[in-house]
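*Asks:* Here you go, one structure.
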Amino acid sequence: MIEKFKKLLEKHDKVSIITHRNPDGDTLGTGLGIYAVLKKAGKQVEICNIDKELPKSLDFLPHFAKIKSQINFDNSLIITCDSGSIDLLGFDLSLREIVNIDHHQSNTNYGTLNIVDSKSVSASMVAYKLLKDDFEMTKDMATCFYVALVTDTQNFITLNVNKDVFSVASELISFGINLAEVNKNLTQRKSLSSLRVLSATLDTLELYEDAQIASMVVSKDILEKTGARLNDTTGLIDYGIALVTVKIAILIIEFPNHLKVSFRSDAADVSSLAVHFGGGGHLMASGFISNELDIDLVLKKIKKEIKKRGLINGT
């Protein structure tokens, strides 16, 4: 795989790294890590995200200020990070050669070269394993890949964490990562609006099926009253799945023209559930976008499908 990757790099003078819309730590960490490696290798590189507002909690990452909201290079090699579908990127990438680096089981293999490993816990893990033996690794790269690894495993607590994950984490730490800085930025940079939206969202908590399903809603009204942005809602769904009886948590965020629906589970395959509704994601963390704006109706359809698939006890 690395030889095919290097041939595509040699074929192109410039590289455009693309991260997915509504970016999280894995897509940005992976993209910035690859950016650091390729810059060190002497390539002309740009990194882009269609969203103009990026998570402030990640602005400590090396080269974060270089992220642009448009692609400036013509005929560049495209490297996409942590995106299961080309639609999640937001850019017109037709007629471009694409290296698709990802770990989602639901990836559609849209690339010229698809480097997708669903057994990896993060896209950064896929990227690091691809690059580490053939490119010079740096502290900046390691910091970015490590943050991606930490955020996508929720501080190493997801069920897919294993010995290999800690081995990769150890290798990355050996490059001299400032762990104190990383930990402080990831855990102690909450905005006031994020606390307000947490309080308001917890008030919407509903339980179903003997408290095996939990739902929460961030309405347009809540967003307006709390002043919260989408980035402030990160982690809200974890409060639903934290309840001892809950097997599947649902979070619905209401926007003017669509609903953003997220799933978390303790062991159930919510990836297939999300795919059923036109989305995708990880085995136990996934979601979809709904053009149906009736929240009660969407919840009803989701609960019906959960029962139909036997994803909770007694169904």
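Chain labels follow the order of the structure tokens: the first chain is A, the next B, and so on; residue numbering restarts at 1 in every chain, and ligands are counted from 1 in their shown order.
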What's the 9 Å shell around Ser69 in chain A, counting only C-alpha atoms, without same-chain residues fewer than 4 positions away, as JSON, numbers by chain?

*Replies:* {"A": [47, 48, 49, 50, 51, 52]}

*Asks:* Enumerate as a VMD selection string all residues of range 14-170 of chain A assigned to alpha helix (DSSP H) by DSSP on the backbone, naming them with the chain letters and numbers the document uses.

*Replies:* chain A and resid 25 to 40 123 to 131 139 to 152 163 to 170

*Asks:* Would you list the contacts of range 144-151 of chain A as a ChimeraX atom specification, taking every protein, DNA or RNA residue within 10 Å and counting only C-alpha atoms, but skipping same-chain residues closer than 2 positions in sequence?

*Replies:* /A:24-36,58,60-64,120-128,139-142,153-157,165-166,168-173,177,179,182-183,186

*Asks:* Do you know which residues are at most 6 Å from range 83-94 of chain A counting only C-alpha atoms, after dropping those on the same chain fewer than 3 positions away, and could you put them as an MDAnalysis selection string?

*Replies:* chainID A and resid 20:21 50 104 107:108

*Asks:* Keeping only all heavy atoms, take the residues you just selected and write them out as a compact mmCIF listing (two decimals), in the first residue's frame.

*Replies:*
# COMPACT_ATOMS: atom_id res chain seq x y z
N HIS A 20 -13.11 16.27 7.10
CA HIS A 20 -14.56 16.27 6.91
C HIS A 20 -15.26 17.42 7.64
O HIS A 20 -14.74 17.96 8.61
CB HIS A 20 -15.19 14.92 7.31
CG HIS A 20 -15.09 14.56 8.76
ND1 HIS A 20 -15.74 15.25 9.76
CD2 HIS A 20 -14.45 13.54 9.39
CE1 HIS A 20 -15.52 14.68 10.92
NE2 HIS A 20 -14.72 13.65 10.75
N ARG A 21 -16.45 17.76 7.14
CA ARG A 21 -17.25 18.83 7.74
C ARG A 21 -17.63 18.48 9.17
O ARG A 21 -17.61 17.33 9.56
CB ARG A 21 -18.49 19.16 6.89
CG ARG A 21 -19.46 18.03 6.78
CD ARG A 21 -20.78 18.48 6.14
NE ARG A 21 -20.65 18.73 4.72
CZ ARG A 21 -20.82 19.93 4.15
NH1 ARG A 21 -21.10 20.98 4.90
NH2 ARG A 21 -20.72 20.07 2.86
N ILE A 50 -14.20 22.55 4.89
CA ILE A 50 -15.25 23.39 4.33
C ILE A 50 -15.86 24.33 5.36
O ILE A 50 -16.36 25.40 5.03
CB ILE A 50 -16.36 22.52 3.68
CG1 ILE A 50 -17.28 23.34 2.77
CG2 ILE A 50 -17.14 21.78 4.74
CD1 ILE A 50 -16.63 23.82 1.50
N HIS A 104 -13.55 3.80 9.09
CA HIS A 104 -14.98 3.52 9.26
C HIS A 104 -15.38 2.26 8.49
O HIS A 104 -15.06 2.10 7.31
CB HIS A 104 -15.82 4.69 8.77
CG HIS A 104 -15.74 5.90 9.64
ND1 HIS A 104 -14.84 6.92 9.43
CD2 HIS A 104 -16.43 6.24 10.75
CE1 HIS A 104 -14.99 7.84 10.36
NE2 HIS A 104 -15.95 7.45 11.18
N ASN A 107 -17.18 2.89 5.18
CA ASN A 107 -16.52 3.66 4.12
C ASN A 107 -16.92 3.13 2.74
O ASN A 107 -16.97 1.92 2.52
CB ASN A 107 -15.00 3.57 4.29
CG ASN A 107 -14.26 4.55 3.40
OD1 ASN A 107 -14.12 4.35 2.20
ND2 ASN A 107 -13.79 5.63 4.00
N THR A 108 -17.19 4.06 1.82
CA THR A 108 -17.67 3.69 0.49
C THR A 108 -16.56 3.47 -0.53
O THR A 108 -16.83 3.25 -1.70
CB THR A 108 -18.63 4.78 -0.04
OG1 THR A 108 -17.93 6.04 -0.11
CG2 THR A 108 -19.85 4.92 0.85

*Asks:* Near Asp13 in chain A, within 9 Å and counting only C-alpha atoms, which residues show up once chain neighbours fewer than 5 positions away are dropped, as a VMD selection string?

*Replies:* chain A and resid 43 to 44 75 to 77

*Asks:* Could you tell me how far CA of Phe288 in chain A sits from CA of Thr233 in chain A, in Å to one decimal place?

*Replies:* 15.7 Å

*Asks:* Could you pull out the strand (DSSP E or B) residues of range 108-271 of chain A, going by DSSP on the backbone, and write them as a VMD selection string?

*Replies:* chain A and resid 113 to 116 206 to 208 213 to 218 248 to 254 259 to 265

*Asks:* What's the 7 Å shell around range 261-264 of chain A, counting only C-alpha atoms, without same-chain residues fewer than 5 positions away, as a list of chain:residue names?

*Replies:*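 With the cut-off at 7 Å, the set is A:Ile241, A:Ile248, A:Ala249, A:Ile250, A:Leu251, A:Ile252, A:Ile253, A:Val270, A:Met284, A:Ala285, A:Ser286, A:Gly287, A:Phe288, A:Ile289.
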
*Asks:* Between A:Ser290, A:Asn257, A:Thr19, A:Thr80, which residue has the minimum interatomic distance to Thr112 in chain A, considering only C-alpha atoms?

*Replies:*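 That would be A:Thr80, the residue with the smallest distance to Thr112 in chain A.
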
*Asks:* So that I can see what lies close to Leu131 in chain A, please list as a PDB file with N, CA and C atoms, in the first residue's frame the residues with an atom at most 10 Å from it, counting only C-alpha atoms and leaving out residues fewer than 6 positions away in the same chain.

*Replies:*
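Result saved to out24.pdb:
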ATOM      1  N   ILE A   2       1.964   1.232   0.767  1.00  0.00           N
ATOM      2  CA  ILE A   2       2.827   2.410   0.861  1.00  0.00           C
ATOM      3  C   ILE A   2       3.466   2.726  -0.481  1.00  0.00           C
ATOM      4  N   PHE A   5       1.026   4.540  -2.548  1.00  0.00           N
ATOM      5  CA  PHE A   5       0.891   5.892  -2.019  1.00  0.00           C
ATOM      6  C   PHE A   5       2.047   6.773  -2.488  1.00  0.00           C
ATOM      7  N   LYS A   6       3.258   6.259  -2.413  1.00  0.00           N
ATOM      8  CA  LYS A   6       4.432   7.040  -2.803  1.00  0.00           C
ATOM      9  C   LYS A   6       4.434   7.337  -4.308  1.00  0.00           C
ATOM     10  N   ILE A  34      -0.492  14.360   8.861  1.00  0.00           N
ATOM     11  CA  ILE A  34      -0.022  14.095   7.499  1.00  0.00           C
ATOM     12  C   ILE A  34       0.602  15.356   6.912  1.00  0.00           C
ATOM     13  N   VAL A  37       4.126  15.679   8.205  1.00  0.00           N
ATOM     14  CA  VAL A  37       5.026  14.691   7.603  1.00  0.00           C
ATOM     15  C   VAL A  37       5.403  15.086   6.179  1.00  0.00           C
ATOM     16  N   LEU A  38       4.408  15.479   5.387  1.00  0.00           N
ATOM     17  CA  LEU A  38       4.670  15.794   3.984  1.00  0.00           C
ATOM     18  C   LEU A  38       5.433  17.114   3.823  1.00  0.00           C
ATOM     19  N   MET A 137       9.487  10.918  10.889  1.00  0.00           N
ATOM     20  CA  MET A 137       8.457  11.269  11.849  1.00  0.00           C
ATOM     21  C   MET A 137       8.952  12.402  12.757  1.00  0.00           C
TER      22      MET A 137
END

*Asks:* Hey, which of A:Leu283, A:Cys81, A:Ala211, A:Leu198 ends up closest to Lys119 in chain A? Count only C-alpha atoms.

*Replies:*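 Among A:Leu283, A:Cys81, A:Ala211, A:Leu198, it is A:Leu283 that comes nearest to Lys119 in chain A.
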
*Asks:* Nearest residue to Gly280 in chain A out of A:Thr138, A:Glu209, A:Gln105, A:Ile302, using only C-alpha atoms?

*Replies:* A:Gln105

*Asks:* Which residue is closest to Ser194 in chain A? Choose from A:Asp294, A:Gln212, A:Ser57, A:Ala267 and count only C-alpha atoms.

*Replies:*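 Smallest distance to Ser194 in chain A is found for A:Ser57.
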
*Asks:* Smallest atom-to-atom distance to Leu54 in chain A: which of A:Gln70, A:Asn231, A:Ser193, A:Ser118, using only C-alpha atoms?

*Replies:* A:Asn231

*Asks:* Given only C-alpha atoms as the basis, pick out the residue of A:Arg229, A:Lys300, A:Lys190, A:Lys39 nearest to Glu53 in chain A.

*Replies:*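 Closest to Glu53 in chain A of all the choices is A:Arg229.
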
*Asks:* Would you mind reading off the distance between CA of Asn22 in chain A and CA of Leu230 in chain A, one decimal, in Å?

*Replies:* 7.8 Å

*Asks:* What separation in Å, quoted to one decimal, exists between CA of Thr226 in chain A and CA of Leu299 in chain A?

*Replies:*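 According to the coordinates, CA of Thr226 in chain A and CA of Leu299 in chain A are separated by 23.7 Å.
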